[in-house]
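A short write-up of the structure that comes next.
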Amino acid sequence: MPYTAEAFQNEFLALGATEVNAIITVTSSGSEGGRRTAGATEIIIVDASGSMQAEGRINAARQAAKAAVECIDDGVNFAIIAGVSTAQQLFPAPGQLAVSSPETRAEAARSIDRLQASGGTAMGAWLLLAAQLFAQRPGDIAHAILLTDGDNGERQGYLETVLDSITGRFACDCRGVGVNWKVSELRKIATAMLGTVDIVAQPSGLTAAFEQMMTKAMGKTSADVQLKVWTPVNATVRFVKQVEPEVMDLTGKRVEDGPRAGRYPLGSWGAESRDYHVCIDVAPGAAGDEMLAARVSVVEGDTVHAQSLVRAVWTEDSALSTRINRQVAHYTGQAELADAIQSGIEARKAGDDRTATIKFGRAAQLAHASGNKATEELLATVVDIEDAATGTVRLRRKVEAADEMALDTRSTKTVRVGRSQ
Amino acid sequence: MTDCASCADERAAGAAFCEACGRPLGAPCPNCGAPGGVGADGYCENCGMLAGRPRDHIETDFGTVAAAVTDRGRRHHRNEDAMWLAVRGVDVDVVVSDGVSASFDPDVASEAAAGTAGALLAESPDVSTAILGAKQAVAGLASTGDPRRATSNPACTIVLATVRGAEINIGWVGDSRAYWLPPEGPAEQLTEDDSWATHAIAMGADPIAAMQDPKAHAITAWLGADAAPVLPRVGAFTVVGAGHLVLCSDGLWNYLPDPEAFASTVRAHLHAGGTLISAARSLVEFANAAGGADNITVALIPVSSPPPAENTGTDIDSPAESVVKE
């Protein structure tokens with residue numbers, strides 16, 4: 001797969017400075033002819049708890065699941081799980097995977113029509129069953145869609161235990177329908193499983209959401225791409241974050257790989273481009289010293305697809321060390337934007353209007369300055385933005401739950417910056 | 001030298017040398033001493049420090065005809081100076097260029113300037129043509145390579161000279177200098193810096209105060225895409241008697257601003273070393289010992305008039321006597 005990795009940074013540091021920042025843009029033009037380099041398995045998990053009967057959700061979920069199944073390419077393995085107080089395999093026979101074809105997809109659709117909403121919500125159990133099914137196809141591009149409409153009913157801590165045991169086994173995109181589910185819960189799953197989280201406020205939006213997720217999944221042609229980061233002795237990785245298309249902290253997902261190197265999972269890849277922010281703490285150098293702060297490689301198994309260098313050069317020339325790198329500044333702002341929104345929402349829920357106003361104000365300022373229009377518009381549903389440039393906002397008295405949840409789930413969405421310095 | 005297993009292995013393997021720093025692969029890191037530490041990209045696999053670049057220190061030795069040395073100095077991470085020295089019989093072409101460190105890829109600029117001007121001088125000894133050719137080459141860099149070059153384009157100074165018998169032609173843009181060093185007395189600066197200080201002094205400012213101003217070394221003319229139309233400043237003179245033509249970047253002359261001190265220091269190094277190359281090398285060491293705050297380049301070319309010589313010393317034309325417009 002033709003990958004490129006390009007580093008954007010200001011390598012010049014003032015004397016005494018020890019923090020090295022770089023944005024690494026990883027781009028793949030996709031595999032030859034768009035063919036997968038590995039097999040693929042898709043699992044659709046649909047919440048079938050009793051609450052799904054409300055507002056015609058279960059019917060919308062059936063339509064959406066069927067639409068998603070229709071998007072599955074011939075030859076891809078798939079299964080459908082009905083989520084109640086336990087995980088029940090709706091299609092095919094328990095413990096099996098079907099191979100997608102017009103016939104199996106039609107069969108799956110008939111099974112989906114029999115889906116009834118009754119019972120509880122046990123996301124840990126659902127994910128565990130999915131992991132067991134995926135385990136039959138090691139090396140596959142493994143992707144799941146999880147739909148729910150409520151809180152997890154499992155005992156405290158069980159979901160976390162499950163996530164710890166299955167993280168990295170497959171990617172999971174999470175969608176909440178309605179407003180009675182918890183953003184923090186689905187975000188926990190999405191973060192552990194390198195997936196996305198979003199709200200589908202109206203059941204009528206489910207079909208489009210499912211089609212979009214499945215189409216995107218079908219575009220993945222490589223299963224397990226990783227970012228390998230080598231750092232010199234006396235240097236530590238402060239963080240590795242995906243910063244585009246959305247913010248995702250990968251720091252905790254590091255797996256050591258020989259002396260001074262670690263691997264961070266990037267999930268499956270198609271023809272796409274993503275940006276990563278790498279921050280390294282190094283020992284300070286003398287004027288004129290040039291250090292390789294990190295060697296960042298895009299790897300798949302033992303194959304190195306692309307590599308770029310993050311450098312540190314110490315200089316007495318403040319004209320050089322004070323140069324702002326546009327990419328680093330932009331994505332530092334985008335990460336702060338996501339944090340500010342999430343802190344603002346938390347503060348508002350806790351009744352701390354003062355903190356909420358400050359956080360949302362900062363968020364409005366950052367969204368405006370960086371040209372992140374989508375986030376600015378979402379913010380405007382929660383606060384009245386009086387002056388975005390100065391971050392002057394006023395909390396709205398009445399906020400639709402769906403609006404606040406949309407702001408929360410989409411707070412991590414970022415925009416790109418132009419490529420020149 | 002003791003037998004070294006790793007060296008023997010290298011010889012057996014056909015001696016792989018690092019493309020980045022020229023050191024044998026597997027050599028110990030010059031910074032942390034980690035054995036076999038330096039990787040193929042020139043950085044130590046242990047401490048991450050750059051082992052060096054080929055341009056960090058370059059010497060060109062033409063025996064008794066000419067010699068030049070360029071060096072990274074002590075406080076800059078790379079050598080952004082570049083030089084060109086060509087000798088054909090007794091004809092000498094020499095170019096020194098100093099990259100403007102505030103621009104992007106100034107090392108590429110100086111290399112392009114020195115290389116282009118040198119190649120043009122080999123075709124025709126016209127210094128103005130050579131400078132304008134170098135200007136074009138450096139300006140062209142802005143639209144190639146790193147996109148950041150477009151906003152802060154590569155830029156550099158240039159000083160060059162042709163020596164044809166006793167005839168010397170010089171040309172320059174910026175603050176790299178050419179000096180005439182007679183057997184005794186102060187050195188004669190043949191160039192006039194395109195710098196804020198020189199400009200201010202010319203306008204009547206106090207020379208000492210002007211040189212101490214933080215802007216003193218800001219150059220007012222350079223080669224680069226953003227440069228004003230370049231008017232190469234040129235001069236020509238005929239050597240009477242004998243002496244040395246010295247070209248250098250500010251990495252050397254910053255430590256010897258006084259023409260008297262410049263002359264006595266260069267002469268002392270010429271006498272001490274015995275050869276031109278050892279003198280050039282020890283002048284670089286002198287600048288490094290003084291702090292090595294900038295990249296250092298120095299070229300030494302002895303020039304003498306054929307006997308019988310007049311006894312009036314040198315005859316210097318006004319540096320700006322023939323101005324060529326772009």
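Chain lettering (A, B, ...) mirrors the order of the structure tokens, residue numbering begins at 1 for each chain separately, and ligand numbering begins at 1 in order of display.
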Residues of chain A within 12 Å of chain B, using only C-alpha atoms, as a PyMOL selection string?
chain A and resi 6-13+15+230-235+259-261+282-295+307-323+325-327+418-421
Shell around stretch 149-162 of chain A at 6 Å using only C-alpha atoms, local window under 2 positions removed, as a list in words
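Selected residues are Thr121, Ala122, Gly124, Asp164, Ser165, Gly176, Val177, Asn180 and Trp181 of chain A.
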The distance between atom CA of A:Met193 and atom CA of A:Val255 is 15.3 Å
Could you tell me which of B:Asp71, B:Asp126, B:Asp56, B:Glu192 comes closest to B:Ala161 if we count only C-alpha atoms?
B:Asp126
If we count only C-alpha atoms and set the cut-off at 6 Å, which residues sit around stretch 84-100 of chain A, ignoring sequence neighbours fewer than 5 positions away in its own chain? Please answer as a ChimeraX atom specification.
/A:48-49,74-79,119-122,125-126
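Taking atom CA of B:Ile58 and atom CA of B:Asn254 as endpoints, the distance between them is 20.5 Å.
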Using only C-alpha atoms, which protein or nucleic acid residues come within 10 Å of A:Lys253? Drop anything in the same chain fewer than 2 positions from it, and give the result as a VMD selection string.
chain A and resid 167 to 168 192 240 249 to 251 255 to 256 262 to 266
Can I get the selection written as an mmCIF file, in the first residue's frame, with N, CA and C atoms?
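again-v8.cif written:
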data_model
loop_
_atom_site.group_PDB
_atom_site.id
_atom_site.type_symbol
_atom_site.label_atom_id
_atom_site.label_comp_id
_atom_site.auth_asym_id
_atom_site.auth_seq_id
_atom_site.Cartn_x
_atom_site.Cartn_y
_atom_site.Cartn_z
ATOM 1 N N THR A 167 -9.925 -4.820 23.779
ATOM 2 C CA THR A 167 -9.444 -3.649 23.046
ATOM 3 C C THR A 167 -8.429 -4.062 21.980
ATOM 4 N N GLY A 168 -8.558 -3.470 20.826
ATOM 5 C CA GLY A 168 -7.655 -3.793 19.728
ATOM 6 C C GLY A 168 -8.113 -4.958 18.871
ATOM 7 N N ALA A 192 -12.009 2.982 23.431
ATOM 8 C CA ALA A 192 -11.286 1.719 23.613
ATOM 9 C C ALA A 192 -11.187 0.948 22.307
ATOM 10 N N VAL A 240 0.635 10.803 21.999
ATOM 11 C CA VAL A 240 0.401 10.584 20.571
ATOM 12 C C VAL A 240 -1.104 10.651 20.400
ATOM 13 N N ASP A 249 -7.013 10.203 21.628
ATOM 14 C CA ASP A 249 -5.735 10.050 22.325
ATOM 15 C C ASP A 249 -5.294 8.593 22.262
ATOM 16 N N LEU A 250 -4.120 8.361 21.698
ATOM 17 C CA LEU A 250 -3.616 6.995 21.546
ATOM 18 C C LEU A 250 -2.516 6.673 22.561
ATOM 19 N N THR A 251 -2.172 7.674 23.390
ATOM 20 C CA THR A 251 -1.009 7.536 24.274
ATOM 21 C C THR A 251 -1.051 6.245 25.093
ATOM 22 N N VAL A 255 2.168 -0.080 22.776
ATOM 23 C CA VAL A 255 2.702 -1.417 23.018
ATOM 24 C C VAL A 255 4.197 -1.335 22.738
ATOM 25 N N GLU A 256 5.019 -1.680 23.732
ATOM 26 C CA GLU A 256 6.470 -1.581 23.561
ATOM 27 C C GLU A 256 6.920 -2.466 22.404
ATOM 28 N N GLY A 262 7.823 2.165 20.522
ATOM 29 C CA GLY A 262 6.512 1.648 20.870
ATOM 30 C C GLY A 262 5.596 1.767 19.664
ATOM 31 N N ARG A 263 4.550 0.946 19.667
ATOM 32 C CA ARG A 263 3.593 0.980 18.562
ATOM 33 C C ARG A 263 2.243 1.464 19.067
ATOM 34 N N TYR A 264 1.604 2.290 18.255
ATOM 35 C CA TYR A 264 0.284 2.814 18.578
ATOM 36 C C TYR A 264 -0.676 2.362 17.477
ATOM 37 N N PRO A 265 -1.801 1.739 17.849
ATOM 38 C CA PRO A 265 -2.707 1.209 16.823
ATOM 39 C C PRO A 265 -3.422 2.332 16.070
ATOM 40 N N LEU A 266 -3.453 2.228 14.755
ATOM 41 C CA LEU A 266 -4.189 3.206 13.945
ATOM 42 C C LEU A 266 -5.456 2.597 13.366
#
When you look at A:Arg35 with a cut-off of 10 Å (counting only C-alpha atoms), what residues show up, excluding the ones that are within fewer than 6 positions of it in the same chain? I need them as a PyMOL selection string.
chain A and resi 219-222+270
Stretch 276-288 of chain B: which residues within 6 Å, counting only C-alpha atoms, same-chain residues fewer than 2 positions away excluded, as a list in words?
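The residues that qualify are Asp61, Ala67, Val69, Gly73, Leu252, His269, Leu270, Gly273, Ala290, Gly291 and Gly292 of chain B.
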Keeping only N, CA and C atoms, write the selected residues to a file as an mmCIF file, in the first residue's frame.
data_model
loop_
_atom_site.group_PDB
_atom_site.id
_atom_site.type_symbol
_atom_site.label_atom_id
_atom_site.label_comp_id
_atom_site.auth_asym_id
_atom_site.auth_seq_id
_atom_site.Cartn_x
_atom_site.Cartn_y
_atom_site.Cartn_z
ATOM 1 N N ASP B 61 42.099 22.161 -1.057
ATOM 2 C CA ASP B 61 43.532 22.469 -1.012
ATOM 3 C C ASP B 61 44.119 22.449 -2.417
ATOM 4 N N ALA B 67 43.703 27.887 -1.143
ATOM 5 C CA ALA B 67 43.113 26.931 -0.202
ATOM 6 C C ALA B 67 41.900 27.585 0.438
ATOM 7 N N VAL B 69 38.584 26.722 3.495
ATOM 8 C CA VAL B 69 37.967 25.844 4.484
ATOM 9 C C VAL B 69 36.621 26.451 4.876
ATOM 10 N N GLY B 73 31.167 25.820 12.670
ATOM 11 C CA GLY B 73 31.261 26.659 13.866
ATOM 12 C C GLY B 73 30.759 25.898 15.073
ATOM 13 N N LEU B 252 34.124 34.590 10.386
ATOM 14 C CA LEU B 252 35.509 34.933 10.713
ATOM 15 C C LEU B 252 35.638 36.415 11.036
ATOM 16 N N HIS B 269 48.782 33.392 11.090
ATOM 17 C CA HIS B 269 48.393 32.016 10.758
ATOM 18 C C HIS B 269 49.072 31.546 9.477
ATOM 19 N N LEU B 270 49.278 32.492 8.524
ATOM 20 C CA LEU B 270 49.979 32.123 7.288
ATOM 21 C C LEU B 270 51.417 31.716 7.603
ATOM 22 N N GLY B 273 51.567 28.220 9.890
ATOM 23 C CA GLY B 273 51.212 26.919 9.324
ATOM 24 C C GLY B 273 52.147 26.453 8.224
ATOM 25 N N ALA B 290 37.250 31.525 19.489
ATOM 26 C CA ALA B 290 36.683 32.807 19.910
ATOM 27 C C ALA B 290 35.185 32.697 20.200
ATOM 28 N N GLY B 291 34.595 31.544 19.943
ATOM 29 C CA GLY B 291 33.179 31.352 20.214
ATOM 30 C C GLY B 291 32.455 30.562 19.133
ATOM 31 N N GLY B 292 32.940 30.693 17.903
ATOM 32 C CA GLY B 292 32.320 29.946 16.806
ATOM 33 C C GLY B 292 30.831 30.203 16.710
#
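If you measure from each of A:Met213, A:Ala356, A:Leu206, A:Leu407 to A:Glu377 using only C-alpha atoms, the closest one turns out to be A:Leu407.
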